[in-house]
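Engineer: Have a look at this one.
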Amino acid sequence: MTTTSAKPPAPPAPAPAKGGPVLTLVRGTAKHRAAVAAGPLLALVLLYLGSGLEPFRVGQLTSVLIFAIAISGLNLVTGYTGLLSIGHSAFFGLGAYTTGVMIVSYQVEPLLTLPVAAVLCFALGFVVGLPALRIRGLYLALVTLAVGVAFPELVKRFADLTGGAAGLVIRSRQLAPPEWTGLGAGQRYLWLYWVSAVVLILVIVLVRNLTRSRLGKAMVAVRDNELAAASSGVHIASVKTLAFGLSGAVTGLAGGLFAMYVGALSPDGSFTLLKSIELITGLFLGGAATLYGPVAGALAVVFIPYYTADLVSGHFSGILFGAVLIAIVFVMPEGIVGRLGRTGRRLVRIESPPQDLPEHPTPRAPQGDASEK
């Protein structure tokens, strides 16, 4: 009489490690695809809800969108390539004056001026990037500082074209929404809101694809270790100049939208070094070398001064604003989006799908001994 041995019980599943992820997603599954699609869907819902606010709030959100585009341009050269630029107010101003001059002097449709502004700012960025081939660090920052200081003076010198110190005013009828939108002249704020939103979405897609491309990986390699990147075959000169050019083009787009938004340009108003400092502040508050950091940084530089000015008046509002910035940097040195990303990785883990392996591998045929042949 034969007896069958009882099947040993299956080992218990390992308990999750303390402090481990709350949720695990496998790439390619329905849950993972839903989680990936939730972000853009939520952004579209927020944009739609924002368009229904009162005109003043919509104007504030439009300013956030424009600054997010400008900071995204700065992020390309400073965040991903590691080249500190203090002169991005020049790209911002060149884009704004390109749009303003083409509208006022040549009666060009506002939207058609944006590609021209991007091309001119790309050329300026390419030229500014040439000194980066031989100098780096603070010396390169001083070169960009000189460009930012020189721009307002150049605007004043060509007064016949730019209006000089008196400024350049774009008439409201020249900025009216196109007829095909169905919006009236009094809804210009809504038109600029959606134009800025569409441009920001395109810029985010551009930055996402660029950073995943060969050029984007070369930019990160130059930032991390320039000598190692050169020894690996990265053409340092091309990477730096292209990074400055693309950065200038994106910031120039934001400048063109800014001209359409404010309708009045002044060299001593919005295109001084204070604008560069504002962009740098937004970049590091939101999170350098992150895709959505510029959006968070733009929200911070637009709304924090507004609410601190409501709490206290006069010089104390500036002091409170500085204290809030110091607190944010102290608590979140990697930026707002950087901290949120770290927290998200602790809560959610994304794994690759397991490879399908055969349960019963086919045994190999035994090889006969050579002496049997």
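The chains in the structure tokens are called A, B, ... from first to last as shown; in each chain the residues are counted from 1, and the ligands are counted from 1 in the order shown.
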May I have the residues within 12 Å of stretch 232-240 of chain A as a PyMOL selection string, using only C-alpha atoms and disregarding those fewer than 3 positions away in the same chain?

Structural biologist: chain A and resi 76-78+80-84+125-136+140+214-223+225-229+243-247

Engineer: Check stretch 147-178 of chain A with DSSP on the backbone and list each residue it calls helix (DSSP H, G or I), as JSON, numbers by chain.

Structural biologist: {"A": [147, 148, 149, 150, 151, 152, 153, 154, 155, 156, 157, 159, 160, 161, 162, 164, 165, 166, 172, 173, 174, 175]}

Engineer: Between atom CA of A:Thr241 and atom CA of A:Gly79, what is the distance, to one decimal in Å?

Structural biologist: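 Computed distance, atom CA of A:Thr241 to atom CA of A:Gly79, equals 15.1 Å.
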
Engineer: In Å to one decimal, how far is atom CA of A:Tyr106 from atom CA of A:Leu94?

Structural biologist: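 We find that atom CA of A:Leu94 and atom CA of A:Tyr106 lie 16.7 Å from each other.
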
Engineer: Do you know which residues are at most 12 Å from A:Thr181 counting only C-alpha atoms, after dropping those on the same chain fewer than 3 positions away, and could you put them as number ranges by chain?

Structural biologist: A: 176-178, 184-185, 187-188, 190-192, 194-195

Engineer: Can you list, as an NGL selection string, every residue of stretch 21-114 of chain A that DSSP puts in strand (DSSP E or B)?

Structural biologist: :A and (23-26)

Engineer: Skip A:Leu168 itself and residues of its chain fewer than 3 positions away, then list as a PyMOL selection string all residues within 9 Å of it, counting only C-alpha atoms.

Structural biologist: chain A and resi 97+100-101+104+162-165+263-266

Engineer: May I have the residues within 8 Å of A:Leu253 as a PDB file with C-alpha atoms, in the first residue's frame, using only C-alpha atoms and disregarding those fewer than 2 positions away in the same chain?

Structural biologist:
```pdb
ATOM      1  CA  ILE A  69       6.818  79.390 -20.920  1.00  0.00           C
ATOM      2  CA  ALA A  70       9.691  81.785 -20.204  1.00  0.00           C
ATOM      3  CA  PHE A  92      12.116  87.981 -23.195  1.00  0.00           C
ATOM      4  CA  GLY A  95      10.499  88.602 -28.318  1.00  0.00           C
ATOM      5  CA  LEU A 114       5.360  84.693 -32.650  1.00  0.00           C
ATOM      6  CA  PRO A 115       7.385  82.465 -35.046  1.00  0.00           C
ATOM      7  CA  ALA A 117      10.137  86.337 -32.439  1.00  0.00           C
ATOM      8  CA  ALA A 118      11.211  82.742 -31.790  1.00  0.00           C
ATOM      9  CA  ALA A 249      13.543  80.796 -28.796  1.00  0.00           C
ATOM     10  CA  VAL A 250      11.184  79.494 -26.096  1.00  0.00           C
ATOM     11  CA  THR A 251      11.715  82.575 -23.919  1.00  0.00           C
ATOM     12  CA  GLY A 255       8.000  87.646 -24.671  1.00  0.00           C
ATOM     13  CA  GLY A 256       5.754  87.867 -27.730  1.00  0.00           C
ATOM     14  CA  LEU A 257       2.772  86.669 -25.706  1.00  0.00           C
TER      15      LEU A 257
END
```

Engineer: What lies within 10 Å of A:Thr281 using only C-alpha atoms, ignoring chain neighbours under 2 positions off, as a list in words?

Structural biologist: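 Contacts, with the query itself left out: Ile71, Lys275, Ser276, Ile277, Glu278, Leu279, Leu283, Phe284, Leu285, Gly286, Gly287, Gly297, Ala298, Ala300, Val301 and Leu325 of chain A.
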
Engineer: Just the selected residues (N, CA, C and O atoms), exported as a PDB file, in the first residue's frame, please.

Structural biologist:
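Generated file (again.pdb):
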```pdb
ATOM      1  N   ILE A  71      10.114  80.473 -18.188  1.00  0.00           N
ATOM      2  CA  ILE A  71      10.947  79.679 -17.281  1.00  0.00           C
ATOM      3  C   ILE A  71      11.307  78.346 -17.922  1.00  0.00           C
ATOM      4  O   ILE A  71      12.399  77.809 -17.681  1.00  0.00           O
ATOM      5  N   LYS A 275      13.717  91.163 -14.152  1.00  0.00           N
ATOM      6  CA  LYS A 275      12.972  90.105 -14.826  1.00  0.00           C
ATOM      7  C   LYS A 275      13.786  88.818 -14.879  1.00  0.00           C
ATOM      8  O   LYS A 275      13.248  87.717 -14.677  1.00  0.00           O
ATOM      9  N   SER A 276      15.089  88.932 -15.131  1.00  0.00           N
ATOM     10  CA  SER A 276      15.947  87.739 -15.138  1.00  0.00           C
ATOM     11  C   SER A 276      15.968  87.072 -13.769  1.00  0.00           C
ATOM     12  O   SER A 276      15.881  85.847 -13.661  1.00  0.00           O
ATOM     13  N   ILE A 277      16.070  87.894 -12.735  1.00  0.00           N
ATOM     14  CA  ILE A 277      16.085  87.347 -11.376  1.00  0.00           C
ATOM     15  C   ILE A 277      14.753  86.674 -11.064  1.00  0.00           C
ATOM     16  O   ILE A 277      14.706  85.620 -10.406  1.00  0.00           O
ATOM     17  N   GLU A 278      13.680  87.262 -11.559  1.00  0.00           N
ATOM     18  CA  GLU A 278      12.358  86.668 -11.343  1.00  0.00           C
ATOM     19  C   GLU A 278      12.260  85.306 -12.020  1.00  0.00           C
ATOM     20  O   GLU A 278      11.716  84.347 -11.447  1.00  0.00           O
ATOM     21  N   LEU A 279      12.800  85.187 -13.231  1.00  0.00           N
ATOM     22  CA  LEU A 279      12.767  83.910 -13.941  1.00  0.00           C
ATOM     23  C   LEU A 279      13.628  82.864 -13.228  1.00  0.00           C
ATOM     24  O   LEU A 279      13.229  81.697 -13.104  1.00  0.00           O
ATOM     25  N   LEU A 283      12.441  79.352 -11.533  1.00  0.00           N
ATOM     26  CA  LEU A 283      13.018  78.068 -11.942  1.00  0.00           C
ATOM     27  C   LEU A 283      13.406  77.228 -10.739  1.00  0.00           C
ATOM     28  O   LEU A 283      13.055  76.034 -10.651  1.00  0.00           O
ATOM     29  N   PHE A 284      14.113  77.812  -9.781  1.00  0.00           N
ATOM     30  CA  PHE A 284      14.591  77.017  -8.655  1.00  0.00           C
ATOM     31  C   PHE A 284      13.506  76.779  -7.606  1.00  0.00           C
ATOM     32  O   PHE A 284      13.584  75.807  -6.854  1.00  0.00           O
ATOM     33  N   LEU A 285      12.510  77.643  -7.563  1.00  0.00           N
ATOM     34  CA  LEU A 285      11.385  77.360  -6.667  1.00  0.00           C
ATOM     35  C   LEU A 285      10.571  76.186  -7.194  1.00  0.00           C
ATOM     36  O   LEU A 285      10.160  75.312  -6.429  1.00  0.00           O
ATOM     37  N   GLY A 286      10.309  76.177  -8.487  1.00  0.00           N
ATOM     38  CA  GLY A 286       9.519  75.104  -9.052  1.00  0.00           C
ATOM     39  C   GLY A 286      10.269  73.791  -9.137  1.00  0.00           C
ATOM     40  O   GLY A 286       9.695  72.718  -8.950  1.00  0.00           O
ATOM     41  N   GLY A 287      11.567  73.868  -9.444  1.00  0.00           N
ATOM     42  CA  GLY A 287      12.375  72.664  -9.571  1.00  0.00           C
ATOM     43  C   GLY A 287      13.112  72.652 -10.894  1.00  0.00           C
ATOM     44  O   GLY A 287      12.496  72.490 -11.950  1.00  0.00           O
ATOM     45  N   GLY A 297       6.837  77.083 -10.512  1.00  0.00           N
ATOM     46  CA  GLY A 297       7.599  78.298 -10.242  1.00  0.00           C
ATOM     47  C   GLY A 297       6.860  79.547 -10.688  1.00  0.00           C
ATOM     48  O   GLY A 297       6.900  80.585 -10.004  1.00  0.00           O
ATOM     49  N   ALA A 298       6.166  79.478 -11.825  1.00  0.00           N
ATOM     50  CA  ALA A 298       5.399  80.630 -12.288  1.00  0.00           C
ATOM     51  C   ALA A 298       4.248  80.941 -11.327  1.00  0.00           C
ATOM     52  O   ALA A 298       3.956  82.111 -11.048  1.00  0.00           O
ATOM     53  N   ALA A 300       4.311  80.436  -8.208  1.00  0.00           N
ATOM     54  CA  ALA A 300       4.905  81.016  -7.008  1.00  0.00           C
ATOM     55  C   ALA A 300       5.257  82.488  -7.214  1.00  0.00           C
ATOM     56  O   ALA A 300       4.925  83.339  -6.371  1.00  0.00           O
ATOM     57  N   VAL A 301       5.909  82.818  -8.339  1.00  0.00           N
ATOM     58  CA  VAL A 301       6.368  84.203  -8.523  1.00  0.00           C
ATOM     59  C   VAL A 301       5.220  85.153  -8.858  1.00  0.00           C
ATOM     60  O   VAL A 301       5.374  86.376  -8.717  1.00  0.00           O
ATOM     61  N   LEU A 325      10.102  82.868   0.409  1.00  0.00           N
ATOM     62  CA  LEU A 325      11.014  82.211  -0.526  1.00  0.00           C
ATOM     63  C   LEU A 325      12.081  81.415   0.222  1.00  0.00           C
ATOM     64  O   LEU A 325      12.404  80.279  -0.150  1.00  0.00           O
TER      65      LEU A 325
END
```

Engineer: At what distance in Å, to one decimal, does atom CA of A:Phe258 lie from atom CA of A:Ala96?

Structural biologist: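 Going from atom CA of A:Ala96 over to atom CA of A:Phe258, I get 6.3 Å.
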